[in-house]
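Everything on this sheet refers to the single structure shown next.
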Amino acid sequence: MFSQVFFVNGEPISMAVSIFAGLAGGLIAGMLGIGGGIAVIPMLIAIGVPPSIAAASMSVAIIANASGATVYNLKSSKIDWQLGILMGLSAVLGSQVGIQLIKQFKQSTELDQMITGCFIPLLIFVGWRV
């Protein structure tokens, strides 16, 4: 099973590497309380997944990741509902603005360059702060 490949945008992608990226993202997300995309998207790009497909696919994984973390935090009574709702509503607004910006890109390569360009300073900032 793990030696199988599947194709993303015509490129062969290793199932084992994809599973590892998901596990690593989940681990990092669980430890740091993040969505996991900051760790997984660069890994997916490194194995050949186009940035636009990596970012869009990670959106689905983040739902599962966040759901698991929310259940744990709910049981642990760690959720500040006022902060969570405020951040959630702000995130919805921010994602809608981001979607409108993405629509401005005419070609997938422009979008891929924009995503990569956003990740480089973000990763440097996060690395510097940690």
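Here, A, B, ... name the chains of the structure tokens in the order displayed, residue numbers run from 1 inside each chain, and ligands are numbered from 1 in the same displayed order.
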Near range 109-122 of chain A, counting only C-alpha atoms, which residues have an atom at most 12 Å away, once you skip same-chain residues fewer than 6 positions from it, shown as a list in words?
Gly37, Ile38, Ala39, Val40, Ile41, Pro42, Met43, Leu44, Ile45, Ala46, Gly48, Val49, Pro50, Pro51, Ser52, Ile53, Ala54, Ala55, Ala56, Gly98, Ile99, Leu101, Ile102, Lys103, Trp128 and Arg129 of chain A
Using the chain letters and numbers from this document, which residues of chain A does DSSP assign to alpha helix (DSSP H), as a PyMOL selection string?
chain A and resi 15-32+37-46+51-75+81-103+108-129
Written selection (C-alpha atoms) as a tab-separated table (two decimals), in the first residue's frame:
```tsv
chain	number	residue	atom	x	y	z
A	15	MET	CA	1.43	7.61	-0.95
A	16	ALA	CA	3.94	6.96	1.85
A	17	VAL	CA	5.35	10.48	1.64
A	18	SER	CA	1.84	11.94	1.55
A	19	ILE	CA	0.87	9.96	4.65
A	20	PHE	CA	4.06	11.08	6.40
A	21	ALA	CA	3.29	14.72	5.54
A	22	GLY	CA	-0.21	14.32	6.99
A	23	LEU	CA	1.10	12.67	10.17
A	24	ALA	CA	3.77	15.33	10.61
A	25	GLY	CA	1.25	18.10	10.05
A	26	GLY	CA	-1.16	16.55	12.53
A	27	LEU	CA	1.61	16.16	15.10
A	28	ILE	CA	2.76	19.74	14.73
A	29	ALA	CA	-0.82	21.03	14.72
A	30	GLY	CA	-1.64	19.08	17.86
A	31	MET	CA	1.44	20.32	19.68
A	32	LEU	CA	1.21	23.95	18.60
A	37	GLY	CA	-0.79	23.74	6.77
A	38	ILE	CA	2.29	25.73	7.70
A	39	ALA	CA	4.18	22.43	7.98
A	40	VAL	CA	2.43	20.27	5.40
A	41	ILE	CA	2.11	22.62	2.43
A	42	PRO	CA	5.89	23.14	2.08
A	43	MET	CA	6.35	19.34	2.38
A	44	LEU	CA	3.78	18.74	-0.36
A	45	ILE	CA	5.43	21.34	-2.57
A	46	ALA	CA	8.81	19.66	-1.97
A	51	PRO	CA	1.47	24.97	-4.51
A	52	SER	CA	-2.10	25.86	-5.49
A	53	ILE	CA	-3.18	22.19	-5.24
A	54	ALA	CA	-1.24	21.70	-1.98
A	55	ALA	CA	-2.94	24.72	-0.37
A	56	ALA	CA	-6.42	23.75	-1.59
A	57	SER	CA	-6.02	20.09	-0.56
A	58	MET	CA	-4.73	21.08	2.88
A	59	SER	CA	-7.98	22.98	3.47
A	60	VAL	CA	-9.76	19.63	3.62
A	61	ALA	CA	-7.19	18.14	6.00
A	62	ILE	CA	-7.37	21.17	8.28
A	63	ILE	CA	-11.08	20.51	8.89
A	64	ALA	CA	-10.27	17.04	10.24
A	65	ASN	CA	-7.29	18.31	12.18
A	66	ALA	CA	-9.19	21.16	13.81
A	67	SER	CA	-12.13	18.90	14.63
A	68	GLY	CA	-9.94	16.49	16.56
A	69	ALA	CA	-8.22	19.28	18.46
A	70	THR	CA	-11.55	20.95	19.24
A	71	VAL	CA	-12.96	17.75	20.75
A	72	TYR	CA	-9.89	17.38	22.97
A	73	ASN	CA	-9.92	21.03	24.04
A	74	LEU	CA	-13.66	20.89	24.68
A	75	LYS	CA	-13.19	17.92	27.02
A	81	TRP	CA	-15.44	30.83	23.51
A	82	GLN	CA	-15.32	34.61	23.10
A	83	LEU	CA	-11.80	34.46	21.68
A	84	GLY	CA	-12.59	31.39	19.56
A	85	ILE	CA	-15.71	32.90	18.02
A	86	LEU	CA	-13.97	36.23	17.37
A	87	MET	CA	-11.04	34.45	15.69
A	88	GLY	CA	-13.37	32.15	13.75
A	89	LEU	CA	-15.42	35.03	12.35
A	90	SER	CA	-12.26	36.96	11.52
A	91	ALA	CA	-10.82	33.89	9.78
A	92	VAL	CA	-13.96	33.51	7.66
A	93	LEU	CA	-13.66	37.14	6.56
A	94	GLY	CA	-9.92	36.76	5.90
A	95	SER	CA	-10.44	33.59	3.88
A	96	GLN	CA	-13.07	35.29	1.73
A	97	VAL	CA	-10.67	38.16	1.01
A	98	GLY	CA	-7.96	35.60	0.20
A	99	ILE	CA	-10.28	33.79	-2.20
A	100	GLN	CA	-11.01	37.04	-4.01
A	101	LEU	CA	-7.27	37.75	-4.29
A	102	ILE	CA	-6.63	34.26	-5.67
A	103	LYS	CA	-9.29	34.81	-8.34
A	108	SER	CA	-1.90	28.54	-12.07
A	109	THR	CA	1.81	29.41	-12.21
A	110	GLU	CA	1.08	32.94	-10.94
A	111	LEU	CA	-0.92	31.49	-8.06
A	112	ASP	CA	1.84	28.97	-7.30
A	113	GLN	CA	4.42	31.77	-7.19
A	114	MET	CA	2.20	33.83	-4.89
A	115	ILE	CA	1.67	30.91	-2.48
A	116	THR	CA	5.38	30.11	-2.42
A	117	GLY	CA	6.18	33.81	-1.96
A	118	CYS	CA	3.85	33.97	1.05
A	119	PHE	CA	5.27	30.85	2.68
A	120	ILE	CA	8.91	31.89	2.60
A	121	PRO	CA	8.56	35.00	4.82
A	122	LEU	CA	5.97	33.25	6.99
A	123	LEU	CA	8.28	30.30	7.69
A	124	ILE	CA	11.19	32.66	8.40
A	125	PHE	CA	9.03	34.66	10.82
A	126	VAL	CA	7.74	31.55	12.61
A	127	GLY	CA	11.25	30.09	12.82
A	128	TRP	CA	12.58	33.34	14.23
A	129	ARG	CA	9.80	33.60	16.85
```
Tell me, as a list in words, which residues lie within 6 Å of Val5 in chain A, counting only C-alpha atoms; anything in the same chain fewer than 2 positions away does not count.
Pro12, Ile13, Ser14 and Met15 of chain A
List every residue of range 1-58 of chain A that DSSP, applied to the backbone of this structure, places in strand (DSSP E), and write the result as a PyMOL selection string.
chain A and resi 5-8+11-14
Could the residues in this selection be saved with N, CA, C and O atoms as a CSV table (one decimal), in the first residue's frame?
```csv
chain,number,residue,atom,x,y,z
A,5,VAL,N,1.8,4.9,-5.8
A,5,VAL,CA,1.8,6.3,-6.1
A,5,VAL,C,0.4,6.7,-6.7
A,5,VAL,O,-0.3,5.8,-7.1
A,6,PHE,N,0.1,7.9,-6.6
A,6,PHE,CA,-1.1,8.4,-7.2
A,6,PHE,C,-0.7,9.7,-8.0
A,6,PHE,O,0.4,10.2,-7.8
A,7,PHE,N,-1.5,10.2,-8.8
A,7,PHE,CA,-1.1,11.3,-9.6
A,7,PHE,C,-1.9,12.6,-9.2
A,7,PHE,O,-3.1,12.6,-9.0
A,8,VAL,N,-1.1,13.6,-9.1
A,8,VAL,CA,-1.7,15.0,-8.8
A,8,VAL,C,-1.2,15.9,-9.9
A,8,VAL,O,0.0,16.1,-10.1
A,11,GLU,N,1.5,14.5,-12.1
A,11,GLU,CA,2.7,14.2,-11.5
A,11,GLU,C,2.6,13.0,-10.5
A,11,GLU,O,1.6,13.0,-9.7
A,12,PRO,N,3.5,12.0,-10.5
A,12,PRO,CA,3.3,10.9,-9.5
A,12,PRO,C,3.8,11.3,-8.1
A,12,PRO,O,4.8,12.0,-8.0
A,13,ILE,N,2.9,11.0,-7.2
A,13,ILE,CA,3.2,11.4,-5.8
A,13,ILE,C,3.1,10.1,-4.9
A,13,ILE,O,2.2,9.3,-5.1
A,14,SER,N,4.1,9.9,-4.1
A,14,SER,CA,4.2,8.7,-3.3
A,14,SER,C,3.2,8.8,-2.2
A,14,SER,O,3.0,9.8,-1.5
```
